[in-house]
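Source file: protein-v6.pdb. Holds: PDB, C-alpha atoms, pLDDT in the B column.
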ATOM      1  CA  MET R   1      64.732 -31.050   5.466  1.00 91.00           C
ATOM      2  CA  PRO R   2      61.163 -32.121   4.542  1.00 93.00           C
ATOM      3  CA  LYS R   3      58.976 -29.342   3.197  1.00 96.00           C
ATOM      4  CA  GLU R   4      55.418 -28.844   4.392  1.00 96.00           C
ATOM      5  CA  ILE R   5      52.944 -28.257   1.583  1.00 96.00           C
ATOM      6  CA  GLY R   6      49.254 -27.467   1.342  1.00 93.00           C
ATOM      7  CA  ILE R   7      46.674 -28.739  -1.076  1.00 92.00           C
ATOM      8  CA  LYS R   8      47.439 -26.120  -3.749  1.00 92.00           C
ATOM      9  CA  ASP R   9      51.124 -27.030  -3.796  1.00 95.00           C
ATOM     10  CA  LEU R  10      50.296 -30.718  -3.848  1.00 96.00           C
ATOM     11  CA  ARG R  11      48.022 -30.341  -6.857  1.00 95.00           C
ATOM     12  CA  ARG R  12      50.694 -28.324  -8.663  1.00 95.00           C
ATOM     13  CA  LEU R  13      53.350 -30.940  -7.873  1.00 94.00           C
ATOM     14  CA  LEU R  14      51.131 -33.750  -9.120  1.00 93.00           C
ATOM     15  CA  VAL R  15      50.923 -32.001 -12.482  1.00 93.00           C
ATOM     16  CA  GLU R  16      54.475 -30.728 -12.780  1.00 91.00           C
ATOM     17  CA  ALA R  17      56.642 -33.419 -11.198  1.00 85.00           C
ATOM     18  CA  PRO R  18      56.895 -37.222 -11.190  1.00 88.00           C
ATOM     19  CA  VAL R  19      55.730 -37.348  -7.584  1.00 94.00           C
ATOM     20  CA  GLN R  20      55.502 -40.539  -5.541  1.00 96.00           C
ATOM     21  CA  LEU R  21      52.586 -40.326  -3.123  1.00 97.00           C
ATOM     22  CA  ILE R  22      52.804 -42.345   0.086  1.00 97.00           C
ATOM     23  CA  GLU R  23      49.930 -42.803   2.535  1.00 97.00           C
ATOM     24  CA  VAL R  24      51.313 -43.818   5.937  1.00 96.00           C
ATOM     25  CA  LEU R  25      47.991 -44.795   7.540  1.00 96.00           C
ATOM     26  CA  PRO R  26      47.128 -48.438   8.344  1.00 95.00           C
ATOM     27  CA  SER R  27      46.313 -50.573   5.317  1.00 95.00           C
ATOM     28  CA  GLN R  28      42.606 -50.868   6.083  1.00 93.00           C
ATOM     29  CA  GLU R  29      42.191 -47.098   5.914  1.00 93.00           C
ATOM     30  CA  PHE R  30      44.204 -46.984   2.708  1.00 95.00           C
ATOM     31  CA  ASP R  31      42.129 -49.756   1.146  1.00 95.00           C
ATOM     32  CA  GLU R  32      38.912 -47.885   1.898  1.00 92.00           C
ATOM     33  CA  GLU R  33      39.946 -44.572   0.391  1.00 93.00           C
ATOM     34  CA  HIS R  34      43.167 -42.925  -0.721  1.00 96.00           C
ATOM     35  CA  LEU R  35      44.492 -40.269  -3.057  1.00 97.00           C
ATOM     36  CA  PRO R  36      44.736 -41.369  -6.697  1.00 95.00           C
ATOM     37  CA  GLY R  37      47.996 -43.104  -7.452  1.00 95.00           C
ATOM     38  CA  ALA R  38      49.141 -43.333  -3.850  1.00 97.00           C
ATOM     39  CA  VAL R  39      50.951 -46.335  -2.406  1.00 97.00           C
ATOM     40  CA  ASN R  40      50.551 -47.498   1.165  1.00 97.00           C
ATOM     41  CA  ILE R  41      53.441 -47.859   3.557  1.00 97.00           C
ATOM     42  CA  PRO R  42      52.155 -47.620   7.159  1.00 96.00           C
ATOM     43  CA  LEU R  43      54.429 -45.543   9.360  1.00 94.00           C
ATOM     44  CA  LYS R  44      55.540 -48.520  11.458  1.00 92.00           C
ATOM     45  CA  GLN R  45      56.661 -50.320   8.296  1.00 94.00           C
ATOM     46  CA  LEU R  46      58.558 -47.415   6.755  1.00 95.00           C
ATOM     47  CA  ASN R  47      62.076 -48.791   6.345  1.00 95.00           C
ATOM     48  CA  ALA R  48      64.734 -49.526   3.739  1.00 94.00           C
ATOM     49  CA  GLN R  49      63.013 -52.715   2.606  1.00 95.00           C
ATOM     50  CA  THR R  50      59.520 -51.298   2.142  1.00 96.00           C
ATOM     51  CA  THR R  51      60.831 -48.240   0.287  1.00 95.00           C
ATOM     52  CA  ALA R  52      63.242 -50.203  -1.903  1.00 95.00           C
ATOM     53  CA  THR R  53      60.944 -50.030  -4.918  1.00 94.00           C
ATOM     54  CA  LEU R  54      60.624 -46.250  -4.706  1.00 95.00           C
ATOM     55  CA  ASP R  55      62.843 -43.993  -6.795  1.00 93.00           C
ATOM     56  CA  ARG R  56      65.075 -41.903  -4.525  1.00 90.00           C
ATOM     57  CA  SER R  57      65.736 -39.428  -7.315  1.00 89.00           C
ATOM     58  CA  ARG R  58      62.068 -38.472  -7.566  1.00 93.00           C
ATOM     59  CA  PRO R  59      60.104 -36.321  -5.118  1.00 95.00           C
ATOM     60  CA  VAL R  60      58.046 -38.124  -2.498  1.00 97.00           C
ATOM     61  CA  VAL R  61      54.977 -36.744  -0.749  1.00 97.00           C
ATOM     62  CA  VAL R  62      53.732 -38.332   2.456  1.00 97.00           C
ATOM     63  CA  TYR R  63      50.334 -37.823   4.024  1.00 97.00           C
ATOM     64  CA  CYS R  64      48.125 -39.218   6.750  1.00 95.00           C
ATOM     65  CA  TRP R  65      44.551 -38.304   7.757  1.00 92.00           C
ATOM     66  CA  ASP R  66      44.996 -34.699   8.921  1.00 85.00           C
ATOM     67  CA  ASP R  67      47.346 -32.401  10.794  1.00 78.00           C
ATOM     68  CA  ALA R  68      46.113 -33.335  14.274  1.00 70.00           C
TER      69      ALA R  68
ATOM     70  CA  MET Y   1      52.078 -38.917  11.867  1.00 82.00           C
ATOM     71  CA  SER Y   2      53.139 -37.640   8.439  1.00 83.00           C
ATOM     72  CA  PRO Y   3      55.879 -35.308   9.803  1.00 89.00           C
ATOM     73  CA  ARG Y   4      57.629 -38.316  11.366  1.00 93.00           C
ATOM     74  CA  ALA Y   5      57.198 -40.252   8.138  1.00 94.00           C
ATOM     75  CA  ALA Y   6      58.740 -37.380   6.174  1.00 95.00           C
ATOM     76  CA  TRP Y   7      61.775 -37.283   8.449  1.00 95.00           C
ATOM     77  CA  GLN Y   8      62.059 -41.066   8.294  1.00 95.00           C
ATOM     78  CA  LEU Y   9      62.126 -40.950   4.493  1.00 95.00           C
ATOM     79  CA  GLU Y  10      64.846 -38.352   4.594  1.00 94.00           C
ATOM     80  CA  ALA Y  11      66.822 -40.573   6.968  1.00 94.00           C
ATOM     81  CA  LEU Y  12      66.418 -43.369   4.427  1.00 94.00           C
ATOM     82  CA  GLY Y  13      68.125 -41.294   1.762  1.00 93.00           C
ATOM     83  CA  PHE Y  14      65.279 -39.523  -0.029  1.00 94.00           C
ATOM     84  CA  LYS Y  15      66.401 -36.020  -0.998  1.00 92.00           C
ATOM     85  CA  ASP Y  16      63.170 -34.347  -2.068  1.00 95.00           C
ATOM     86  CA  VAL Y  17      60.563 -35.038   0.616  1.00 96.00           C
ATOM     87  CA  TYR Y  18      57.254 -33.227   1.056  1.00 97.00           C
ATOM     88  CA  ASP Y  19      54.717 -33.507   3.854  1.00 97.00           C
ATOM     89  CA  PHE Y  20      51.129 -32.848   2.779  1.00 97.00           C
ATOM     90  CA  VAL Y  21      50.148 -31.731   6.264  1.00 93.00           C
ATOM     91  CA  ALA Y  22      46.415 -31.228   5.749  1.00 91.00           C
ATOM     92  CA  GLY Y  23      46.191 -34.849   4.678  1.00 94.00           C
ATOM     93  CA  LYS Y  24      43.521 -37.060   3.202  1.00 93.00           C
ATOM     94  CA  ALA Y  25      40.758 -35.356   5.161  1.00 92.00           C
ATOM     95  CA  GLU Y  26      41.382 -32.025   3.443  1.00 91.00           C
ATOM     96  CA  TRP Y  27      41.611 -33.680   0.024  1.00 93.00           C
ATOM     97  CA  ILE Y  28      38.243 -35.390   0.509  1.00 92.00           C
ATOM     98  CA  ALA Y  29      36.636 -32.332   2.090  1.00 89.00           C
ATOM     99  CA  GLN Y  30      37.482 -30.283  -0.976  1.00 88.00           C
ATOM    100  CA  GLY Y  31      35.773 -32.828  -3.186  1.00 87.00           C
ATOM    101  CA  PHE Y  32      38.806 -34.130  -5.068  1.00 92.00           C
ATOM    102  CA  PRO Y  33      38.626 -37.678  -6.455  1.00 92.00           C
ATOM    103  CA  THR Y  34      39.811 -40.679  -4.493  1.00 93.00           C
ATOM    104  CA  GLU Y  35      40.415 -44.353  -5.110  1.00 95.00           C
ATOM    105  CA  GLY Y  36      39.633 -47.354  -2.930  1.00 93.00           C
ATOM    106  CA  ASN Y  37      37.074 -49.981  -2.025  1.00 89.00           C
ATOM    107  CA  GLY Y  38      35.097 -47.771   0.338  1.00 78.00           C
ATOM    108  CA  PRO Y  39      33.045 -47.139   2.288  1.00 80.00           C
ATOM    109  CA  HIS Y  40      33.316 -43.406   1.836  1.00 82.00           C
ATOM    110  CA  TYR Y  41      32.486 -41.478   4.997  1.00 85.00           C
ATOM    111  CA  PRO Y  42      31.350 -38.030   3.834  1.00 91.00           C
ATOM    112  CA  LEU Y  43      32.843 -34.843   5.233  1.00 92.00           C
ATOM    113  CA  VAL Y  44      31.267 -31.447   5.782  1.00 95.00           C
ATOM    114  CA  GLY Y  45      33.455 -29.741   3.194  1.00 93.00           C
ATOM    115  CA  GLU Y  46      31.835 -31.738   0.417  1.00 93.00           C
ATOM    116  CA  VAL Y  47      28.655 -29.689   0.697  1.00 95.00           C
ATOM    117  CA  ALA Y  48      30.145 -26.320   1.667  1.00 95.00           C
ATOM    118  CA  ARG Y  49      29.064 -23.628  -0.801  1.00 95.00           C
ATOM    119  CA  ARG Y  50      30.155 -20.022  -1.038  1.00 93.00           C
ATOM    120  CA  ASP Y  51      27.815 -19.100  -3.862  1.00 91.00           C
ATOM    121  CA  ILE Y  52      24.732 -19.086  -1.654  1.00 89.00           C
ATOM    122  CA  VAL Y  53      25.886 -16.691   1.046  1.00 91.00           C
ATOM    123  CA  ARG Y  54      26.510 -12.957   0.971  1.00 91.00           C
ATOM    124  CA  GLU Y  55      29.979 -11.847   1.966  1.00 92.00           C
ATOM    125  CA  CYS Y  56      31.214  -8.467   3.113  1.00 91.00           C
ATOM    126  CA  HIS Y  57      34.671  -7.298   4.098  1.00 92.00           C
ATOM    127  CA  LEU Y  58      36.204  -5.399   6.945  1.00 93.00           C
ATOM    128  CA  GLY Y  59      35.980  -1.696   6.283  1.00 91.00           C
ATOM    129  CA  SER Y  60      32.766  -1.878   4.286  1.00 92.00           C
ATOM    130  CA  VAL Y  61      29.748  -0.004   5.609  1.00 92.00           C
ATOM    131  CA  VAL Y  62      26.388  -1.209   6.843  1.00 90.00           C
ATOM    132  CA  ALA Y  63      24.524   0.386   3.938  1.00 90.00           C
ATOM    133  CA  ASP Y  64      26.329  -1.866   1.452  1.00 87.00           C
ATOM    134  CA  SER Y  65      25.489  -4.991   3.414  1.00 86.00           C
ATOM    135  CA  ARG Y  66      21.874  -3.896   3.796  1.00 84.00           C
ATOM    136  CA  THR Y  67      21.569  -3.539   0.033  1.00 84.00           C
ATOM    137  CA  ALA Y  68      23.250  -6.874  -0.648  1.00 79.00           C
ATOM    138  CA  MET Y  69      21.165  -8.729   1.910  1.00 82.00           C
ATOM    139  CA  GLY Y  70      18.008  -7.075   0.699  1.00 78.00           C
ATOM    140  CA  GLU Y  71      18.672  -8.195  -2.863  1.00 76.00           C
ATOM    141  CA  THR Y  72      19.004 -11.838  -1.875  1.00 74.00           C
ATOM    142  CA  GLY Y  73      16.569 -11.985   1.007  1.00 76.00           C
ATOM    143  CA  GLN Y  74      19.222 -13.405   3.299  1.00 80.00           C
ATOM    144  CA  SER Y  75      19.072 -12.666   7.002  1.00 86.00           C
ATOM    145  CA  TYR Y  76      22.838 -12.513   7.473  1.00 90.00           C
ATOM    146  CA  CYS Y  77      26.140 -12.058   5.732  1.00 92.00           C
ATOM    147  CA  VAL Y  78      29.600 -13.207   6.720  1.00 95.00           C
ATOM    148  CA  VAL Y  79      32.394 -10.719   7.360  1.00 95.00           C
ATOM    149  CA  LEU Y  80      35.821 -11.627   5.979  1.00 96.00           C
ATOM    150  CA  ASN Y  81      39.215  -9.981   5.986  1.00 95.00           C
ATOM    151  CA  GLY Y  82      41.423  -9.655   2.920  1.00 94.00           C
ATOM    152  CA  ASN Y  83      42.682 -13.222   3.377  1.00 94.00           C
ATOM    153  CA  ASP Y  84      39.186 -14.717   3.417  1.00 94.00           C
ATOM    154  CA  ILE Y  85      39.415 -15.344   7.154  1.00 96.00           C
ATOM    155  CA  LEU Y  86      35.973 -15.426   8.760  1.00 96.00           C
ATOM    156  CA  LEU Y  87      35.876 -12.773  11.471  1.00 95.00           C
ATOM    157  CA  GLY Y  88      32.207 -12.092  11.999  1.00 95.00           C
ATOM    158  CA  ARG Y  89      28.596 -12.282  10.962  1.00 94.00           C
ATOM    159  CA  LEU Y  90      26.235  -9.432  10.282  1.00 93.00           C
ATOM    160  CA  ARG Y  91      22.568 -10.128  10.997  1.00 90.00           C
ATOM    161  CA  ASN Y  92      19.449  -8.182  10.162  1.00 87.00           C
ATOM    162  CA  ARG Y  93      19.367  -6.698  13.636  1.00 87.00           C
ATOM    163  CA  HIS Y  94      22.782  -5.105  13.051  1.00 87.00           C
ATOM    164  CA  LEU Y  95      21.474  -3.220  10.046  1.00 85.00           C
ATOM    165  CA  THR Y  96      19.651  -0.630  12.129  1.00 85.00           C
ATOM    166  CA  SER Y  97      22.979   1.107  12.687  1.00 83.00           C
ATOM    167  CA  GLY Y  98      23.781   4.173  10.623  1.00 84.00           C
ATOM    168  CA  ASP Y  99      24.507   3.701   6.935  1.00 86.00           C
ATOM    169  CA  GLU Y 100      28.130   4.767   7.243  1.00 90.00           C
ATOM    170  CA  VAL Y 101      28.990   2.612  10.265  1.00 91.00           C
ATOM    171  CA  VAL Y 102      31.704   0.079   9.345  1.00 92.00           C
ATOM    172  CA  VAL Y 103      30.637  -3.510   9.723  1.00 92.00           C
ATOM    173  CA  GLU Y 104      33.292  -4.489  12.270  1.00 91.00           C
ATOM    174  CA  GLN Y 105      31.768  -2.052  14.751  1.00 92.00           C
ATOM    175  CA  VAL Y 106      28.441  -3.851  14.834  1.00 93.00           C
ATOM    176  CA  MET Y 107      29.042  -7.411  13.665  1.00 94.00           C
ATOM    177  CA  GLU Y 108      28.817 -10.508  15.820  1.00 94.00           C
ATOM    178  CA  VAL Y 109      32.463 -11.408  16.433  1.00 94.00           C
ATOM    179  CA  GLY Y 110      33.670 -15.004  16.184  1.00 93.00           C
ATOM    180  CA  PRO Y 111      30.527 -16.843  15.072  1.00 94.00           C
ATOM    181  CA  SER Y 112      30.487 -20.602  15.631  1.00 95.00           C
ATOM    182  CA  THR Y 113      32.047 -22.570  12.793  1.00 96.00           C
ATOM    183  CA  VAL Y 114      32.681 -26.164  11.835  1.00 95.00           C
ATOM    184  CA  ARG Y 115      35.714 -27.661  10.131  1.00 92.00           C
ATOM    185  CA  ALA Y 116      35.458 -28.842   6.559  1.00 92.00           C
ATOM    186  CA  THR Y 117      37.091 -32.097   7.625  1.00 89.00           C
ATOM    187  CA  GLU Y 118      34.454 -32.921  10.231  1.00 92.00           C
ATOM    188  CA  SER Y 119      32.165 -35.901   9.695  1.00 93.00           C
ATOM    189  CA  ALA Y 120      29.023 -34.888   7.813  1.00 95.00           C
ATOM    190  CA  ASP Y 121      27.037 -37.443   9.778  1.00 95.00           C
ATOM    191  CA  ALA Y 122      28.115 -36.013  13.145  1.00 95.00           C
ATOM    192  CA  LEU Y 123      27.354 -32.431  12.125  1.00 97.00           C
ATOM    193  CA  LEU Y 124      23.948 -33.396  10.772  1.00 97.00           C
ATOM    194  CA  LYS Y 125      23.027 -34.994  14.095  1.00 97.00           C
ATOM    195  CA  ARG Y 126      24.072 -31.860  15.988  1.00 97.00           C
ATOM    196  CA  MET Y 127      22.133 -29.604  13.632  1.00 97.00           C
ATOM    197  CA  GLU Y 128      19.031 -31.762  13.955  1.00 96.00           C
ATOM    198  CA  ALA Y 129      19.294 -31.767  17.750  1.00 97.00           C
ATOM    199  CA  ARG Y 130      19.600 -27.971  17.843  1.00 96.00           C
ATOM    200  CA  ASP Y 131      17.254 -27.328  14.928  1.00 96.00           C
ATOM    201  CA  VAL Y 132      19.899 -25.409  12.994  1.00 94.00           C
ATOM    202  CA  SER Y 133      19.558 -25.134   9.221  1.00 94.00           C
ATOM    203  CA  VAL Y 134      22.957 -23.749   8.233  1.00 95.00           C
ATOM    204  CA  ALA Y 135      26.544 -24.041   9.529  1.00 96.00           C
ATOM    205  CA  LEU Y 136      29.512 -21.844   8.639  1.00 97.00           C
ATOM    206  CA  VAL Y 137      32.431 -23.907   7.361  1.00 96.00           C
ATOM    207  CA  THR Y 138      36.100 -22.954   7.607  1.00 94.00           C
ATOM    208  CA  SER Y 139      39.479 -24.541   7.108  1.00 88.00           C
ATOM    209  CA  ALA Y 140      41.658 -25.332  10.109  1.00 82.00           C
ATOM    210  CA  LYS Y 141      43.267 -21.911   9.672  1.00 83.00           C
ATOM    211  CA  GLY Y 142      39.980 -20.023   9.629  1.00 90.00           C
ATOM    212  CA  LYS Y 143      39.536 -19.511   5.898  1.00 91.00           C
ATOM    213  CA  PHE Y 144      35.875 -19.275   4.993  1.00 95.00           C
ATOM    214  CA  LEU Y 145      34.869 -22.158   2.726  1.00 94.00           C
ATOM    215  CA  GLY Y 146      31.121 -21.650   2.610  1.00 95.00           C
ATOM    216  CA  VAL Y 147      27.971 -22.759   4.344  1.00 96.00           C
ATOM    217  CA  ALA Y 148      26.725 -26.295   4.861  1.00 97.00           C
ATOM    218  CA  ARG Y 149      22.949 -26.514   4.641  1.00 96.00           C
ATOM    219  CA  ARG Y 150      21.174 -29.191   6.625  1.00 97.00           C
ATOM    220  CA  LYS Y 151      19.250 -30.344   3.579  1.00 97.00           C
ATOM    221  CA  ASP Y 152      22.509 -30.827   1.639  1.00 97.00           C
ATOM    222  CA  LEU Y 153      24.040 -32.751   4.542  1.00 97.00           C
ATOM    223  CA  GLU Y 154      20.954 -34.984   4.722  1.00 96.00           C
ATOM    224  CA  ARG Y 155      21.252 -35.749   1.016  1.00 95.00           C
ATOM    225  CA  LEU Y 156      24.976 -36.496   1.285  1.00 93.00           C
ATOM    226  CA  VAL Y 157      24.642 -38.687   4.369  1.00 94.00           C
ATOM    227  CA  ASN Y 158      21.682 -40.614   2.959  1.00 93.00           C
ATOM    228  CA  GLN Y 159      23.504 -41.172  -0.320  1.00 89.00           C
ATOM    229  CA  SER Y 160      26.549 -42.443   1.549  1.00 84.00           C
ATOM    230  CA  ARG Y 161      24.444 -44.781   3.696  1.00 82.00           C
ATOM    231  CA  ALA Y 162      22.760 -46.162   0.592  1.00 81.00           C
ATOM    232  CA  GLU Y 163      26.126 -46.814  -1.032  1.00 76.00           C
ATOM    233  CA  ARG Y 164      27.438 -48.538   2.097  1.00 71.00           C
ATOM    234  CA  TYR Y 165      24.297 -50.661   2.290  1.00 73.00           C
ATOM    235  CA  ALA Y 166      24.613 -51.612  -1.359  1.00 74.00           C
ATOM    236  CA  GLY Y 167      28.245 -52.567  -0.751  1.00 67.00           C
ATOM    237  CA  GLN Y 168      27.262 -54.841   2.135  1.00 66.00           C
ATOM    238  CA  GLU Y 169      24.589 -56.465   0.022  1.00 67.00           C
ATOM    239  CA  ARG Y 170      27.091 -57.189  -2.727  1.00 61.00           C
ATOM    240  CA  ARG Y 171      29.464 -58.832  -0.237  1.00 56.00           C
ATOM    241  CA  HIS Y 172      26.759 -61.187   1.091  1.00 56.00           C
TER     242      HIS Y 172
END
Output the file's structure as structure tokens, nothing else.
Amino acid sequence: MPKEIGIKDLRRLLVEAPVQLIEVLPSQEFDEEHLPGAVNIPLKQLNAQTTATLDRSRPVVVYCWDDA
Amino acid sequence: MSPRAAWQLEALGFKDVYDFVAGKAEWIAQGFPTEGNGPHYPLVGEVARRDIVRECHLGSVVADSRTAMGETGQSYCVVLNGNDILLGRLRNRHLTSGDEVVVEQVMEVGPSTVRATESADALLKRMEARDVSVALVTSAKGKFLGVARRKDLERLVNQSRAERYAGQERRH
């Protein structure tokens, strides 16, 4: 089950674990501004092919714009 | 959007999936670094400051707030609970109560606030229209993050506009 985390937990994870950050917003929004080290896979394109290069043994963190 | 993405990743076989629910807006609002080609649209949280406002807590008495406000010359202080949740505001006019009256008995309950993730440009326009100089800033869950001064918002918005303009010039 995915775990919800806040900004404190995210910052801790980024230091302690080999986290893979995924922004699921459209590519234009990602290109303008994103979290350091993030990769962009828009939600509609999130499938086996687009995630093939990610390491399934490492933690992944997804984010979008906000919680609305 | 991100909750669905998190579940989708789990369905794709990822075992250790996290959803950063507050998202990019919260990251930017708290002033953490970002990457990208811009433009950067500034958010209110980037200018929110706690060091320029007096704070008092539930259960404290009016005399303490009067002393604190007198020392700084401020006309108000914010009232927080033990979790830093903004519950009220104490103004000068509330200080005429007895010294030992607890602040929650006289404070203004539920003062207007703005979210840290709101557009700085939009808030500045509202403050200019209403001639307001300071806005109280909280997180989505009500945690007090500080005050946004109009002059700081003006500086941030103007700086952002200048950077966007410079970016357009470079592209032409």
Q. So, counting only C-alpha atoms, which residue among Y:Asp131, Y:Glu118, Y:Glu71, Y:Asp152 is closest to chain R?
A. Y:Glu118
Using only C-alpha atoms, find each residue of chain Y with at least one atom at most 10 Å away from an atom of chain R; report its shortest atom-to-atom pair and that distance in Å (one decimal), sort the rows by chain and rising residue number, and return the result as a Markdown table.
| residue | atom | partner | partner_atom | distance |
| --- | --- | --- | --- | --- |
| Y:Met1 | CA | R:Cys64 | CA | 6.5 |
| Y:Ser2 | CA | R:Tyr63 | CA | 5.2 |
| Y:Pro3 | CA | R:Pro2 | CA | 8.1 |
| Y:Arg4 | CA | R:Leu43 | CA | 8.2 |
| Y:Ala5 | CA | R:Leu43 | CA | 6.1 |
| Y:Ala6 | CA | R:Pro2 | CA | 6.0 |
| Y:Trp7 | CA | R:Pro2 | CA | 6.5 |
| Y:Gln8 | CA | R:Leu46 | CA | 7.4 |
| Y:Leu9 | CA | R:Leu46 | CA | 7.7 |
| Y:Glu10 | CA | R:Pro2 | CA | 7.2 |
| Y:Ala11 | CA | R:Asn47 | CA | 9.5 |
| Y:Leu12 | CA | R:Ala48 | CA | 6.4 |
| Y:Gly13 | CA | R:Arg56 | CA | 7.0 |
| Y:Phe14 | CA | R:Arg56 | CA | 5.1 |
| Y:Lys15 | CA | R:Arg56 | CA | 7.0 |
| Y:Asp16 | CA | R:Pro59 | CA | 4.8 |
| Y:Val17 | CA | R:Pro2 | CA | 4.9 |
| Y:Tyr18 | CA | R:Val61 | CA | 4.6 |
| Y:Asp19 | CA | R:Glu4 | CA | 4.7 |
| Y:Phe20 | CA | R:Ile5 | CA | 5.1 |
| Y:Val21 | CA | R:Asp67 | CA | 5.4 |
| Y:Ala22 | CA | R:Asp66 | CA | 4.9 |
| Y:Gly23 | CA | R:Asp66 | CA | 4.4 |
| Y:Lys24 | CA | R:Trp65 | CA | 4.8 |
| Y:Ala25 | CA | R:Trp65 | CA | 5.5 |
| Y:Glu26 | CA | R:Asp66 | CA | 7.1 |
| Y:Trp27 | CA | R:Ile7 | CA | 7.2 |
| Y:Ile28 | CA | R:Leu35 | CA | 8.7 |
| Y:Gln30 | CA | R:Ile7 | CA | 9.3 |
| Y:Phe32 | CA | R:Leu35 | CA | 8.6 |
| Y:Pro33 | CA | R:Pro36 | CA | 7.1 |
| Y:Thr34 | CA | R:Leu35 | CA | 4.9 |
| Y:Glu35 | CA | R:His34 | CA | 5.4 |
| Y:Gly36 | CA | R:Glu33 | CA | 4.3 |
| Y:Asn37 | CA | R:Glu32 | CA | 4.8 |
| Y:Gly38 | CA | R:Glu32 | CA | 4.1 |
| Y:Pro39 | CA | R:Glu32 | CA | 5.9 |
| Y:His40 | CA | R:Glu33 | CA | 6.9 |
| Y:Tyr41 | CA | R:Glu33 | CA | 9.3 |
| Y:Thr117 | CA | R:Asp66 | CA | 8.4 |
| Y:Ala140 | CA | R:Asp67 | CA | 9.1 |
Provide an axis-aligned box for all listed atoms of range 53-65 of chain Y, padding each side by 8 Å; report its centre and its edge lengths in Å to one decimal, as JSON.
{"center_x": 30.4, "center_y": -8.2, "center_z": 4.0, "size_x": 27.7, "size_y": 33.1, "size_z": 22.0}
Q: For CA of Val44 in chain Y and CA of Glu104 in chain Y, quote the distance in Å rounded to one decimal.
A: 27.8 Å
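Computed from the coordinates, the CA of Glu55 in chain Y to CA of Cys77 in chain Y distance equals 5.4 Å.
The two atoms in question, CA of Leu95 in chain Y and CA of Gln74 in chain Y, are spaced 12.4 Å apart.
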Q: Considering only C-alpha atoms, return as a PyMOL selection string whatever protein or nucleic-acid residues lie within 7 Å of Gly110 in chain Y, sequence-local ones (same chain, fewer than 2 positions apart) excluded.
A: chain Y and resi 87-88+108+112
Atoms to include: C-alpha atoms. Write the selected residues as a short mmCIF file (atom, residue, chain, number, x, y, z; two decimals), in the frame of the given file.
data_model
loop_
_atom_site.label_atom_id
_atom_site.label_comp_id
_atom_site.auth_asym_id
_atom_site.auth_seq_id
_atom_site.Cartn_x
_atom_site.Cartn_y
_atom_site.Cartn_z
CA LEU Y 87 35.88 -12.77 11.47
CA GLY Y 88 32.21 -12.09 12.00
CA GLU Y 108 28.82 -10.51 15.82
CA SER Y 112 30.49 -20.60 15.63
#
Ref. answer, residues at most 10 Å from (21.0, -11.0, 8.5) with only C-alpha atoms, as a compact mmCIF listing (two decimals) with C-alpha atoms, in the coordinates of the input:
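File written: result_31.txt
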# COMPACT_ATOMS: atom_id res chain seq x y z
CA ARG Y 54 26.51 -12.96 0.97
CA SER Y 65 25.49 -4.99 3.41
CA ARG Y 66 21.87 -3.90 3.80
CA MET Y 69 21.16 -8.73 1.91
CA GLY Y 70 18.01 -7.08 0.70
CA GLY Y 73 16.57 -11.98 1.01
CA GLN Y 74 19.22 -13.40 3.30
CA SER Y 75 19.07 -12.67 7.00
CA TYR Y 76 22.84 -12.51 7.47
CA CYS Y 77 26.14 -12.06 5.73
CA VAL Y 78 29.60 -13.21 6.72
CA ARG Y 89 28.60 -12.28 10.96
CA LEU Y 90 26.24 -9.43 10.28
CA ARG Y 91 22.57 -10.13 11.00
CA ASN Y 92 19.45 -8.18 10.16
CA ARG Y 93 19.37 -6.70 13.64
CA HIS Y 94 22.78 -5.11 13.05
CA LEU Y 95 21.47 -3.22 10.05
Because some atoms of range 28-34 of chain R are absent here, can you restore N, CA, C and O atoms and send them as an mmCIF file, in the frame of the given file?
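Saved result, selection_16.cif, follows:
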data_model
loop_
_atom_site.group_PDB
_atom_site.id
_atom_site.type_symbol
_atom_site.label_atom_id
_atom_site.label_comp_id
_atom_site.auth_asym_id
_atom_site.auth_seq_id
_atom_site.Cartn_x
_atom_site.Cartn_y
_atom_site.Cartn_z
ATOM 1 N N GLN R 28 44.066 -50.849 6.233
ATOM 2 C CA GLN R 28 42.606 -50.868 6.083
ATOM 3 C C GLN R 28 42.075 -49.496 5.673
ATOM 4 O O GLN R 28 41.197 -49.392 4.809
ATOM 5 N N GLU R 29 42.626 -48.459 6.271
ATOM 6 C CA GLU R 29 42.191 -47.098 5.914
ATOM 7 C C GLU R 29 42.590 -46.759 4.483
ATOM 8 O O GLU R 29 41.852 -46.093 3.755
ATOM 9 N N PHE R 30 43.765 -47.213 4.092
ATOM 10 C CA PHE R 30 44.204 -46.984 2.708
ATOM 11 C C PHE R 30 43.286 -47.715 1.739
ATOM 12 O O PHE R 30 42.867 -47.159 0.715
ATOM 13 N N ASP R 31 42.969 -48.963 2.053
ATOM 14 C CA ASP R 31 42.129 -49.756 1.146
ATOM 15 C C ASP R 31 40.760 -49.100 0.944
ATOM 16 O O ASP R 31 40.194 -49.147 -0.139
ATOM 17 N N GLU R 32 40.236 -48.511 2.003
ATOM 18 C CA GLU R 32 38.912 -47.885 1.898
ATOM 19 C C GLU R 32 38.944 -46.667 0.973
ATOM 20 O O GLU R 32 38.088 -46.516 0.108
ATOM 21 N N GLU R 33 39.937 -45.817 1.158
ATOM 22 C CA GLU R 33 39.946 -44.572 0.391
ATOM 23 C C GLU R 33 41.330 -43.948 0.462
ATOM 24 O O GLU R 33 41.894 -43.792 1.545
ATOM 25 N N HIS R 34 41.856 -43.581 -0.690
ATOM 26 C CA HIS R 34 43.167 -42.925 -0.721
ATOM 27 C C HIS R 34 43.261 -42.003 -1.923
ATOM 28 O O HIS R 34 42.421 -42.045 -2.829
#
